[in-house]
Amino acid sequence: MRTQRPHHLLLSLFFLAAAFSTATAGEYGGSTGGDGDTDFIRTSCNTTLYPDVCYTSLSRYANAVQQNPGQLARVAISVSLSKVHRTASYVSNLTREADYGGNSRAALALHDCFSNLDDAVDEIRGSLKQMRQIGAAGTGAGSFLFQMSNVQTWMSAALTDEETCTDGFQDVPDGSVKTDVCDRVSNVKKFTSNALALVNRYANKGMP
């Protein structure tokens, strides 16, 4: 069982989530590209488990992505990170509520869920940082494969952490808190899964 974190650290996520969401849009821009660019995103998204979610969330960045699979993977990771930030902030707020109607199992599941989501945030952030380093001057085939392996490992770990969050509610009696949190995290998992699929697609293409 993971140790509960101080509440002042939980509070900080609320502000980080809003700030990161704004930064994501600013970094990649929100304008759409040409038909070829959007078609590229649609075709790429068709290789994911949730193609409609993928296309809807990424097509707005077509102008920045153009037809670059590496850039598409980076944007997908960034969008996933923003979604997890928002959800972690939401769960952290729930953990500060009274006694969850006297349901200690719900309280424990919420704290564990936040811990898992917080880990997922760190892992996705690490993936994004690594992706930004790929393609730098002097990057060889060996380095590319090593860096992509790191990204794949961290994104897979983030997806596992998100799944662990919802698994923790299995023994919690049905209720609004359980349904709400599990629905939100299940939605987040779609973005992380799609990002991982696009990362794998980019890795399979070889050198940037």
# chains A, B, ... in the order shown; residues from 1 in each chain; ligands from 1

call {"tool": "closest_atom_pairs", "arguments": {"of": "stretch 114-138 of chain A", "to": "stretch 158-174 of chain A", "cutoff": "12 Å", "atoms": "only C-alpha atoms", "output": "Markdown table"}}
result
| residue | atom | partner | partner_atom | distance |
| --- | --- | --- | --- | --- |
| A:Phe114 | CA | A:Cys165 | CA | 7.6 |
| A:Ser115 | CA | A:Cys165 | CA | 8.4 |
| A:Asn116 | CA | A:Asp161 | CA | 5.1 |
| A:Leu117 | CA | A:Glu162 | CA | 6.1 |
| A:Asp118 | CA | A:Asp161 | CA | 8.9 |
| A:Asp119 | CA | A:Asp161 | CA | 7.1 |
| A:Ala120 | CA | A:Ala158 | CA | 4.2 |
| A:Val121 | CA | A:Ala158 | CA | 7.4 |
| A:Asp122 | CA | A:Ala158 | CA | 8.4 |
| A:Glu123 | CA | A:Ala158 | CA | 5.8 |
| A:Ile124 | CA | A:Ala158 | CA | 6.5 |
| A:Arg125 | CA | A:Ala158 | CA | 9.9 |
| A:Gly126 | CA | A:Ala158 | CA | 10.4 |
| A:Ser127 | CA | A:Ala158 | CA | 9.8 |

call {"tool": "residues_around", "arguments": {"residues": "stretch 36-48 of chain A", "least_positions_apart": "6", "cutoff": "9 Å", "atoms": "only C-alpha atoms", "output": "PyMOL selection string"}}
result
chain A and resi 54-55+58-63+65-69+72+193-198+201

call {"tool": "closest_residue", "arguments": {"among": "A:Thr95, A:Ser176, A:Gln152, A:Gln71", "to": "A:His111", "atoms": "only C-alpha atoms"}}
result
A:Thr95

call {"tool": "residues_around", "arguments": {"residues": "A:Gly70", "least_positions_apart": "6", "cutoff": "12 Å", "atoms": "only C-alpha atoms", "output": "ChimeraX atom specification"}}
result
/A:41,44,64,76-77,128,130-135,144,148,151,195,198-208

call {"tool": "closest_residue", "arguments": {"among": "A:Ser57, A:Asn93, A:Asp35, A:Ala109", "to": "A:Cys182", "atoms": "only C-alpha atoms"}}
result
A:Ala109

call {"tool": "select_by_dssp", "arguments": {"residues": "stretch 81-156 of chain A", "states": "alpha helix (DSSP H)", "output": "PyMOL selection string"}}
result
chain A and resi 81-94+104-133+141-156
